[in-house]
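Worksheet: one structure, shown below.
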Amino acid sequence: MVDNTPSPMHERAIYGFVLYLASQFGFFLYCIWAFIPEEWLYSIGLTYWPQKYWALAMPIYLLVAITMSFVLLFGVNMINIAPLCSVENITDVYAQGQRTNDCHKGGIPALQDISISEVNQMFYLSPKQ
C-alpha cells in the first residue's frame with residue numbers, strides 16, 4: 001500500500017539521488033564543453049559538439065523564457081479577474097435564489113451566503129431600539 005506522505009521513502013530517495021547525480025554529471029559536461037578549447041576536445045576524439053555560442057546563449061534564452069512566462073502568467077491572471085468595481089467580487093451566480101425557509105423550527109439553517117446589504121446592516125448601522 002502506498003502512503004500519501006511527504007516523508008522520504010526508499011523509492012523517492014533513490015530517484016532523488018539519481019536525479020542529483022544526473023544533474024551534477026550534466027553540469028560537469030557543460031563546464032567541460034564551455035571552458036575547454038575545441039582543439040583539445042578534437043584531439044581526444046570529441047568532435048560532435050554544439051558551437052561555443054550556445055554555452056552562453058542557452059542559459060540566457062532559458063532565463064528570458066522563464067521571466068517572460070512569469071510576466072505572461074501575471075498578465076493572463078490580470079485579464080481574467082473582475083474589475084474592482086464589479087459586483088462579482090461580492091457575490092457570484094451560486095448565491096442567487098437561496099432558500100431560507102427549508103429549516104425546521106429550532107433546527108440549524110443550511111449553509112448559505114449572506115448578502116452584502118445584510119452584512120453592512122449588521123456592522124455599520126446602529127441597532128434598532
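If you're wondering about the labels, chains in the C-alpha cells are A, B, ... by order shown, residues count from 1 in each chain, ligands from 1 in order shown.
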Surrounding residues of region 47-56 of chain A excluding itself and chain neighbours under 5 positions, 7 Å, only C-alpha atoms, as number ranges by chain = A: 34, 41-42
Take the selection from the previous step and output its residues with N, CA, C and O atoms, as a short mmCIF file (atom, residue, chain, number, x, y, z; two decimals), in the first residue's frame.
data_model
loop_
_atom_site.label_atom_id
_atom_site.label_comp_id
_atom_site.auth_asym_id
_atom_site.auth_seq_id
_atom_site.Cartn_x
_atom_site.Cartn_y
_atom_site.Cartn_z
N ALA A 34 32.09 24.05 -22.21
CA ALA A 34 32.16 25.51 -22.28
C ALA A 34 33.57 26.05 -22.10
O ALA A 34 33.93 27.05 -22.71
N LEU A 41 39.36 19.18 -27.33
CA LEU A 41 38.27 18.22 -27.49
C LEU A 41 38.43 17.41 -28.77
O LEU A 41 38.17 16.21 -28.80
N TYR A 42 38.88 18.07 -29.87
CA TYR A 42 39.10 17.35 -31.13
C TYR A 42 40.25 16.36 -30.99
O TYR A 42 40.22 15.28 -31.60
#
Open item on the list: Quick check for you: according to DSSP on this backbone, which residues of chain A are classed as alpha helix (DSSP H)? Reply as a PyMOL selection string.
Closed with: chain A and resi 10-35+38-43+53-80+116-124
inquiry  = One decimal, in Å: what's the spacing between CA of Ile90 (chain A) and CA of Asp113 (chain A)?
reply    =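 Atom-to-atom, CA of Ile90 (chain A) and CA of Asp113 (chain A) are spaced 10.2 Å apart.
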Which neighbours of Ile116 (chain A) fall inside 12 Å, counting only C-alpha atoms, when residues of the same chain fewer than 2 positions from it are skipped, and could you give them as a ChimeraX atom specification?
/A:87-92,95,113-114,118-124
I need the residues from that last selection saved to file as a PDB file, in the first residue's frame (with N, CA, C and O atoms), if you can.
ATOM      1  N   VAL A  87     -19.675  43.783  -9.218  1.00  0.00           N
ATOM      2  CA  VAL A  87     -20.459  43.101  -8.194  1.00  0.00           C
ATOM      3  C   VAL A  87     -19.990  41.654  -8.033  1.00  0.00           C
ATOM      4  O   VAL A  87     -20.179  41.046  -6.984  1.00  0.00           O
ATOM      5  N   GLU A  88     -19.331  41.112  -9.046  1.00  0.00           N
ATOM      6  CA  GLU A  88     -18.857  39.733  -8.978  1.00  0.00           C
ATOM      7  C   GLU A  88     -17.798  39.533  -7.900  1.00  0.00           C
ATOM      8  O   GLU A  88     -17.513  38.406  -7.515  1.00  0.00           O
ATOM      9  N   ASN A  89     -17.188  40.601  -7.411  1.00  0.00           N
ATOM     10  CA  ASN A  89     -16.259  40.479  -6.295  1.00  0.00           C
ATOM     11  C   ASN A  89     -16.977  40.272  -4.976  1.00  0.00           C
ATOM     12  O   ASN A  89     -16.382  39.843  -4.007  1.00  0.00           O
ATOM     13  N   ILE A  90     -18.254  40.592  -4.931  1.00  0.00           N
ATOM     14  CA  ILE A  90     -19.037  40.468  -3.706  1.00  0.00           C
ATOM     15  C   ILE A  90     -19.820  39.163  -3.692  1.00  0.00           C
ATOM     16  O   ILE A  90     -19.872  38.461  -2.697  1.00  0.00           O
ATOM     17  N   THR A  91     -20.426  38.816  -4.808  1.00  0.00           N
ATOM     18  CA  THR A  91     -21.259  37.620  -4.884  1.00  0.00           C
ATOM     19  C   THR A  91     -21.029  36.937  -6.222  1.00  0.00           C
ATOM     20  O   THR A  91     -20.356  37.465  -7.092  1.00  0.00           O
ATOM     21  N   ASP A  92     -21.598  35.760  -6.374  1.00  0.00           N
ATOM     22  CA  ASP A  92     -21.452  35.031  -7.625  1.00  0.00           C
ATOM     23  C   ASP A  92     -22.789  34.409  -8.004  1.00  0.00           C
ATOM     24  O   ASP A  92     -23.800  34.610  -7.345  1.00  0.00           O
ATOM     25  N   ALA A  95     -24.853  32.255  -5.446  1.00  0.00           N
ATOM     26  CA  ALA A  95     -25.501  32.884  -4.296  1.00  0.00           C
ATOM     27  C   ALA A  95     -26.907  33.357  -4.627  1.00  0.00           C
ATOM     28  O   ALA A  95     -27.618  33.811  -3.752  1.00  0.00           O
ATOM     29  N   ASP A 113     -24.661  31.977   1.625  1.00  0.00           N
ATOM     30  CA  ASP A 113     -24.010  33.282   1.616  1.00  0.00           C
ATOM     31  C   ASP A 113     -24.946  34.311   2.224  1.00  0.00           C
ATOM     32  O   ASP A 113     -26.161  34.222   2.101  1.00  0.00           O
ATOM     33  N   ILE A 114     -24.352  35.291   2.862  1.00  0.00           N
ATOM     34  CA  ILE A 114     -25.117  36.411   3.390  1.00  0.00           C
ATOM     35  C   ILE A 114     -24.945  37.564   2.416  1.00  0.00           C
ATOM     36  O   ILE A 114     -23.826  37.856   1.983  1.00  0.00           O
ATOM     37  N   GLU A 118     -27.059  42.820   4.112  1.00  0.00           N
ATOM     38  CA  GLU A 118     -27.243  42.331   5.482  1.00  0.00           C
ATOM     39  C   GLU A 118     -25.973  42.487   6.300  1.00  0.00           C
ATOM     40  O   GLU A 118     -26.027  42.846   7.480  1.00  0.00           O
ATOM     41  N   VAL A 119     -24.833  42.231   5.687  1.00  0.00           N
ATOM     42  CA  VAL A 119     -23.563  42.376   6.399  1.00  0.00           C
ATOM     43  C   VAL A 119     -23.331  43.829   6.772  1.00  0.00           C
ATOM     44  O   VAL A 119     -22.953  44.148   7.916  1.00  0.00           O
ATOM     45  N   ASN A 120     -23.573  44.740   5.825  1.00  0.00           N
ATOM     46  CA  ASN A 120     -23.415  46.160   6.124  1.00  0.00           C
ATOM     47  C   ASN A 120     -24.382  46.615   7.204  1.00  0.00           C
ATOM     48  O   ASN A 120     -24.037  47.437   8.054  1.00  0.00           O
ATOM     49  N   GLN A 121     -25.592  46.097   7.182  1.00  0.00           N
ATOM     50  CA  GLN A 121     -26.586  46.468   8.191  1.00  0.00           C
ATOM     51  C   GLN A 121     -26.136  45.999   9.573  1.00  0.00           C
ATOM     52  O   GLN A 121     -26.266  46.722  10.556  1.00  0.00           O
ATOM     53  N   MET A 122     -25.590  44.782   9.656  1.00  0.00           N
ATOM     54  CA  MET A 122     -25.148  44.272  10.957  1.00  0.00           C
ATOM     55  C   MET A 122     -23.928  45.028  11.476  1.00  0.00           C
ATOM     56  O   MET A 122     -23.828  45.294  12.672  1.00  0.00           O
ATOM     57  N   PHE A 123     -22.997  45.403  10.602  1.00  0.00           N
ATOM     58  CA  PHE A 123     -21.763  46.016  11.065  1.00  0.00           C
ATOM     59  C   PHE A 123     -21.838  47.527  11.212  1.00  0.00           C
ATOM     60  O   PHE A 123     -21.237  48.094  12.122  1.00  0.00           O
ATOM     61  N   TYR A 124     -22.541  48.198  10.316  1.00  0.00           N
ATOM     62  CA  TYR A 124     -22.410  49.655  10.238  1.00  0.00           C
ATOM     63  C   TYR A 124     -23.649  50.439  10.658  1.00  0.00           C
ATOM     64  O   TYR A 124     -23.544  51.635  10.888  1.00  0.00           O
TER      65      TYR A 124
END
CA of Ser69 (chain A) sits from CA of Cys31 (chain A) at a separation of 27.1 Å
Between CA of Tyr30 (chain A) and CA of Tyr61 (chain A) lies a distance of 15.8 Å
